[in-house]
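The next block is run_24.cif, given as mmCIF, C-alpha atoms.
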data_coords
loop_
_atom_site.label_atom_id
_atom_site.label_comp_id
_atom_site.auth_asym_id
_atom_site.auth_seq_id
_atom_site.Cartn_x
_atom_site.Cartn_y
_atom_site.Cartn_z
CA ASN A 8 -6.87 -17.70 -8.22
CA ALA A 9 -5.34 -14.78 -10.13
CA GLY A 10 -3.27 -12.39 -8.09
CA VAL A 11 0.11 -11.67 -6.56
CA THR A 12 1.93 -14.46 -4.74
CA GLN A 13 4.82 -13.84 -2.37
CA THR A 14 7.21 -16.46 -1.05
CA PRO A 15 8.19 -17.08 1.67
CA LYS A 16 5.54 -15.81 4.09
CA PHE A 17 7.86 -15.75 7.10
CA ARG A 18 11.63 -15.80 7.51
CA VAL A 19 14.16 -15.26 10.28
CA LEU A 20 17.68 -14.30 9.25
CA LYS A 21 20.88 -13.74 11.15
CA THR A 22 22.72 -10.47 10.62
CA GLY A 23 24.90 -10.72 7.54
CA GLN A 24 22.94 -13.52 5.86
CA SER A 25 21.48 -13.11 2.41
CA MET A 26 18.10 -14.06 0.99
CA THR A 27 15.77 -13.49 -1.95
CA LEU A 28 12.06 -12.76 -1.76
CA LEU A 29 10.01 -13.86 -4.75
CA CYS A 30 6.96 -12.10 -6.13
CA ALA A 31 4.92 -13.68 -8.92
CA GLN A 32 1.85 -12.26 -10.68
CA ASP A 33 -0.35 -13.95 -13.25
CA MET A 34 -2.29 -10.89 -14.45
CA ASN A 35 0.16 -9.83 -17.19
CA HIS A 36 0.78 -6.55 -15.35
CA GLU A 37 3.53 -4.27 -16.64
CA TYR A 38 4.39 -2.57 -13.37
CA MET A 39 5.66 -4.28 -10.22
CA TYR A 40 6.71 -2.85 -6.86
CA TRP A 41 8.36 -3.80 -3.60
CA TYR A 42 7.30 -1.95 -0.43
CA ARG A 43 8.25 -2.34 3.19
CA GLN A 44 5.77 -1.67 5.98
CA ASP A 45 6.88 -0.42 9.37
CA PRO A 46 4.62 0.71 12.25
CA GLY A 47 3.46 4.31 11.91
CA MET A 48 5.27 4.80 8.61
CA GLY A 49 2.82 3.32 6.17
CA LEU A 50 4.34 1.60 3.16
CA ARG A 51 7.59 2.88 1.67
CA LEU A 52 8.70 2.04 -1.84
CA ILE A 53 11.98 0.12 -2.09
CA HIS A 54 12.32 -0.58 -5.83
CA TYR A 55 9.96 -0.84 -8.75
CA SER A 56 9.85 -2.02 -12.35
CA VAL A 57 7.96 -0.61 -15.33
CA GLY A 58 8.54 -3.67 -17.49
CA GLU A 59 10.56 -6.81 -18.05
CA GLY A 60 14.27 -6.13 -17.79
CA THR A 61 13.88 -2.70 -16.15
CA THR A 62 14.18 -1.65 -12.51
CA ALA A 63 14.36 1.65 -10.65
CA LYS A 64 15.02 2.88 -7.13
CA GLY A 65 12.25 3.96 -4.85
CA GLU A 66 12.27 5.88 -1.60
CA VAL A 67 14.35 3.45 0.51
CA PRO A 68 16.54 1.34 -1.84
CA ASP A 69 19.72 1.02 0.22
CA GLY A 70 20.62 -2.54 1.20
CA TYR A 71 18.32 -4.10 -1.41
CA ASN A 72 18.66 -5.24 -5.00
CA VAL A 73 15.99 -6.36 -7.46
CA SER A 74 15.66 -8.16 -10.77
CA ARG A 75 12.86 -8.53 -13.32
CA LEU A 76 14.11 -11.14 -15.75
CA LYS A 77 10.59 -12.34 -16.55
CA LYS A 78 7.49 -10.17 -16.77
CA GLN A 79 5.62 -12.18 -14.17
CA ASN A 80 8.38 -12.26 -11.53
CA PHE A 81 10.02 -9.55 -9.43
CA LEU A 82 12.76 -10.62 -7.02
CA LEU A 83 13.96 -8.65 -4.01
CA GLY A 84 17.39 -9.51 -2.64
CA LEU A 85 19.11 -8.70 0.62
CA GLU A 86 22.85 -9.28 0.25
CA SER A 87 23.82 -8.76 3.89
CA ALA A 88 20.81 -8.52 6.18
CA ALA A 89 20.74 -5.98 9.01
CA PRO A 90 18.34 -5.68 11.97
CA SER A 91 17.01 -2.44 10.43
CA GLN A 92 15.61 -4.55 7.62
CA THR A 93 13.23 -6.30 9.99
CA SER A 94 9.88 -5.46 8.43
CA VAL A 95 6.90 -6.74 6.50
CA TYR A 96 7.54 -6.70 2.76
CA PHE A 97 4.75 -6.32 0.23
CA CYS A 98 4.87 -6.82 -3.48
CA ALA A 99 2.32 -5.16 -5.76
CA SER A 100 1.55 -5.01 -9.45
CA ARG A 101 -0.69 -3.06 -11.82
CA HIS A 102 -1.52 -2.47 -15.46
CA GLU A 103 -0.61 0.73 -17.24
CA GLY A 104 -3.06 3.51 -16.57
CA ALA A 105 -4.62 4.77 -13.38
CA GLY A 106 -5.96 1.62 -11.83
CA GLY A 107 -5.28 0.48 -8.32
CA TYR A 108 -2.51 -1.86 -7.34
CA THR A 109 -2.94 -5.56 -6.51
CA PHE A 110 -0.99 -6.50 -3.40
CA GLY A 111 0.45 -9.79 -2.23
CA SER A 112 -0.18 -11.03 1.30
CA GLY A 113 3.27 -10.03 2.53
CA THR A 114 6.50 -11.54 3.85
CA ARG A 115 7.34 -11.03 7.51
CA LEU A 116 11.13 -10.84 7.84
CA THR A 117 12.99 -10.73 11.13
CA VAL A 118 16.73 -10.11 11.24
CA VAL A 119 18.40 -11.03 14.53
CA ALA B 3 7.30 14.97 -4.94
CA GLN B 4 4.12 14.29 -3.06
CA SER B 5 3.38 13.43 0.55
CA VAL B 6 0.38 12.10 2.42
CA THR B 7 -0.64 12.82 6.01
CA GLN B 8 -3.18 10.79 7.92
CA LEU B 9 -3.96 12.90 10.94
CA ASP B 10 -5.16 10.12 13.24
CA SER B 11 -3.02 7.09 13.98
CA GLN B 12 -5.85 5.35 15.86
CA VAL B 13 -9.60 5.80 15.86
CA PRO B 14 -11.74 3.88 18.35
CA VAL B 15 -15.43 3.80 17.45
CA PHE B 16 -18.51 1.99 18.68
CA GLU B 17 -20.39 -0.42 16.44
CA GLU B 18 -23.09 1.26 14.31
CA ALA B 19 -21.55 4.71 14.89
CA PRO B 20 -20.20 6.80 11.99
CA VAL B 21 -16.49 7.13 11.35
CA GLU B 22 -14.36 9.60 9.41
CA LEU B 23 -10.69 9.07 8.62
CA ARG B 24 -8.80 12.16 7.58
CA CYS B 25 -6.25 12.35 4.77
CA ASN B 26 -4.41 15.39 3.48
CA TYR B 27 -1.86 15.41 0.71
CA SER B 28 0.63 17.78 -0.82
CA SER B 29 1.66 17.69 -4.44
CA SER B 30 2.85 20.12 -7.07
CA VAL B 31 0.89 18.25 -9.74
CA SER B 32 -2.59 16.82 -10.00
CA VAL B 33 -2.96 13.39 -8.45
CA TYR B 34 -5.04 10.28 -8.32
CA LEU B 35 -6.18 9.35 -4.80
CA PHE B 36 -6.80 5.98 -3.20
CA TRP B 37 -7.91 4.39 0.06
CA TYR B 38 -6.75 0.89 0.94
CA VAL B 39 -7.75 -1.37 3.83
CA GLN B 40 -5.52 -3.93 5.54
CA TYR B 41 -7.14 -6.58 7.71
CA PRO B 42 -4.91 -8.30 10.30
CA ASN B 43 -2.14 -10.39 8.75
CA GLN B 44 -3.29 -9.68 5.21
CA GLY B 45 -2.23 -7.58 2.25
CA LEU B 46 -3.83 -4.33 1.17
CA GLN B 47 -7.19 -4.23 -0.57
CA LEU B 48 -8.48 -1.30 -2.62
CA LEU B 49 -11.50 0.40 -1.02
CA LEU B 50 -12.03 3.19 -3.53
CA LYS B 51 -10.24 5.60 -5.83
CA TYR B 52 -10.62 9.08 -7.27
CA LEU B 53 -9.33 9.61 -10.78
CA SER B 54 -11.54 12.42 -12.11
CA GLY B 55 -15.17 13.54 -12.30
CA SER B 56 -17.48 13.55 -9.29
CA THR B 57 -15.69 14.48 -6.11
CA LEU B 58 -17.76 12.03 -4.05
CA VAL B 59 -16.51 8.51 -4.58
CA LYS B 60 -18.27 5.39 -3.37
CA GLY B 61 -16.34 2.24 -2.62
CA ILE B 62 -16.82 -1.25 -1.28
CA ASN B 63 -18.28 -2.17 2.12
CA GLY B 64 -20.30 1.08 2.37
CA PHE B 65 -17.32 3.42 2.44
CA GLU B 66 -17.18 6.73 0.59
CA ALA B 67 -14.66 9.54 0.25
CA GLU B 68 -14.80 13.14 -0.88
CA PHE B 69 -12.06 14.85 -2.83
CA ASN B 70 -11.58 18.50 -1.89
CA LYS B 71 -9.06 20.13 -4.18
CA SER B 72 -8.91 23.47 -2.36
CA GLN B 73 -8.18 21.77 0.96
CA THR B 74 -6.08 19.00 -0.64
CA SER B 75 -8.01 16.43 1.32
CA PHE B 76 -9.56 13.04 0.64
CA HIS B 77 -11.39 12.03 3.82
CA LEU B 78 -12.94 8.58 4.14
CA ARG B 79 -16.33 8.06 5.79
CA LYS B 80 -18.75 5.33 6.71
CA PRO B 81 -22.15 6.15 8.27
CA SER B 82 -22.39 2.99 10.38
CA VAL B 83 -19.44 0.70 11.14
CA HIS B 84 -19.41 -3.02 11.90
CA ILE B 85 -17.04 -5.08 14.00
CA SER B 86 -15.63 -6.44 10.74
CA ASP B 87 -14.42 -2.93 9.80
CA THR B 88 -11.67 -3.24 12.41
CA ALA B 89 -8.55 -2.83 10.29
CA GLU B 90 -5.85 -0.39 9.26
CA TYR B 91 -6.68 2.11 6.54
CA PHE B 92 -4.18 3.75 4.23
CA CYS B 93 -4.58 6.82 2.07
CA ALA B 94 -2.34 6.99 -1.02
CA VAL B 95 -1.62 9.32 -3.93
CA ASN B 96 -0.19 8.80 -7.40
CA PRO B 97 0.73 11.63 -9.79
CA SER B 98 -1.79 11.70 -12.62
CA ALA B 99 0.72 12.71 -15.29
CA ALA B 100 3.22 10.00 -16.20
CA GLY B 101 3.31 8.86 -12.59
CA ASN B 102 3.76 5.28 -11.58
CA LYS B 103 4.66 5.39 -7.90
CA LEU B 104 2.10 5.26 -5.13
CA THR B 105 2.92 7.25 -1.98
CA PHE B 106 1.21 6.13 1.23
CA GLY B 107 0.20 7.86 4.41
CA GLY B 108 1.19 6.40 7.77
CA GLY B 109 -2.10 4.60 8.24
CA THR B 110 -5.06 4.87 10.63
CA ARG B 111 -5.95 1.93 12.81
CA VAL B 112 -9.71 1.63 13.35
CA LEU B 113 -10.91 -0.37 16.32
CA VAL B 114 -14.65 -1.01 16.35
CA LYS B 115 -16.01 -1.75 19.82
CA PRO B 116 -19.27 -3.62 20.51
#
Could you write out this file's structure as structure tokens?
Amino acid sequence: NAGVTQTPKFRVLKTGQSMTLLCAQDMNHEYMYWYRQDPGMGLRLIHYSVGEGTTAKGEVPDGYNVSRLKKQNFLLGLESAAPSQTSVYFCASRHEGAGGYTFGSGTRLTVV
Amino acid sequence: AQSVTQLDSQVPVFEEAPVELRCNYSSSVSVYLFWYVQYPNQGLQLLLKYLSGSTLVKGINGFEAEFNKSQTSFHLRKPSVHISDTAEYFCAVNPSAAGNKLTFGGGTRVLVKP
């Protein structure tokens, strides 16, 4: 089925470990986004990309890095995980224009 | 910059009763407005959106929302809820001019009771 696929779905990290979350979309969307969801705070934008090879900071970028080497993939990296990064991470994509976003099913990350 | 406020963090409602979820936004530019629904352990699904034209927007699952520019509001309503409407609902805004970042409200959790 067409859509946005996130891997992994769950992960537990120890403080200081690193990991990469993968987002893949097969809809040929230009724009891709990484959000984190925390209780009572809605979704907050971490980083986004307006096209292959481009990335930009969102509202809460500290502690994260991203790459968009291929149009269909958007990677989110944590170089040295901290407990404050315990959250549910959502990837989203969309075409140019005013349409709605298509979201992945999320990655639940716990940092202990 | 824009911001979104969802005034109710939780809304309990009985099955077949009406529900209204409130959303207010602030922005210095005109915006597009969206409502998303998140069922337990799932991603977000688009319910409806306002881009231009009629201020009353109809979405999926019997939901509708009304854009009120003077009150900067975009409240979501459903005349009769079902148990399956139990979920979290998010209001979001995106600047209409050269904007490509969606800003979300804090969410409203709807619990439908039998």
Problem - Contact residues (chain A, partner chain B, 9 Å, only C-alpha atoms) as a count of residues only - result: 24
Practice task
Specify as a list in words each residue included when the PyMOL selection byres ((chain A and resi 13-26) around 7) is applied to this file.
Solution key: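 What the PyMOL selection byres ((chain A and resi 13-26) around 7) grabs from the file is Val11, Thr12, Thr27, Leu28, Leu29, Cys30, Ala31, Gly84, Leu85, Glu86, Ser87, Ala88, Ala89, Pro90, Gly111, Ser112, Gly113, Thr114, Arg115, Leu116, Thr117, Val118 and Val119 of chain A.
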Handout entry: Best match for closeness to Lys115 in chain B among B:Pro14, B:Pro20, B:Ser32, B:Ala89, counting all atoms listed in the file
Key =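 Of B:Pro14, B:Pro20, B:Ser32, B:Ala89, the one nearest Lys115 in chain B is B:Pro14, counting all atoms listed in the file.
Applied to this file, the PyMOL selection byres ((chain A and resi 74) around 8) selects Gly60, Thr61, Thr62, Asn72, Val73, Arg75, Leu76, Phe81, Leu82 and Leu83 of chain A.
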Problem - Distance in Å - CA of His36 in chain A versus CA of Asn63 in chain B - result: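 Between CA of His36 in chain A and CA of Asn63 in chain B the gap is 26.2 Å.
Coordinates place CA of Glu22 in chain B at a distance of 5.6 Å from CA of Leu78 in chain B.
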Practice task
Rounded to one decimal place, report the CA of Gly64 in chain B-CA of Glu18 in chain B distance in Å.
Solution key: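 Spanning CA of Gly64 in chain B to CA of Glu18 in chain B is a straight-line distance of 12.3 Å.
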Listed atoms of range 86-89 of chain B boxed axis-aligned with 5 Å per side, centre + edges as lines of an AutoDock Vina configuration file:
center_x = -12.1
center_y = -4.6
center_z = 11.1
size_x = 17.1
size_y = 13.6
size_z = 12.6
Would you mind listing what lies within 6 Å of Glu66 in chain B as a PDB file with C-alpha atoms, in the frame of the given file, with all atoms listed in the file counted and same-chain residues fewer than 5 positions away left out?
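around10.pdb written:
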ATOM      1  CA  VAL B  59     -16.510   8.510  -4.580  1.00  0.00           C
ATOM      2  CA  LYS B  60     -18.270   5.390  -3.370  1.00  0.00           C
ATOM      3  CA  GLY B  61     -16.340   2.240  -2.620  1.00  0.00           C
ATOM      4  CA  LEU B  78     -12.940   8.580   4.140  1.00  0.00           C
ATOM      5  CA  ARG B  79     -16.330   8.060   5.790  1.00  0.00           C
TER       6      ARG B  79
END
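Nearest residue to Ala3 in chain B among B:Phe16, B:Val112, B:Ser56, B:Ser28 is B:Ser28, counting only C-alpha atoms.
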Run the PyMOL selection byres ((chain A and resi 35) around 8) mentally over the shown coordinates, then write out the matched residues as a PDB file with C-alpha atoms, in the coordinates of the input, using the chain letters and numbers from the document.
ATOM      1  CA  GLN A  32       1.850 -12.260 -10.680  1.00  0.00           C
ATOM      2  CA  ASP A  33      -0.350 -13.950 -13.250  1.00  0.00           C
ATOM      3  CA  MET A  34      -2.290 -10.890 -14.450  1.00  0.00           C
ATOM      4  CA  HIS A  36       0.780  -6.550 -15.350  1.00  0.00           C
ATOM      5  CA  GLU A  37       3.530  -4.270 -16.640  1.00  0.00           C
ATOM      6  CA  LYS A  78       7.490 -10.170 -16.770  1.00  0.00           C
ATOM      7  CA  GLN A  79       5.620 -12.180 -14.170  1.00  0.00           C
ATOM      8  CA  HIS A 102      -1.520  -2.470 -15.460  1.00  0.00           C
TER       9      HIS A 102
END
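Of the residues under consideration (B:Val15, B:Leu113, B:Cys25, B:Leu9), B:Cys25 shows the shortest atom-to-atom contact distance to Phe69 in chain B when counting all atoms listed in the file.
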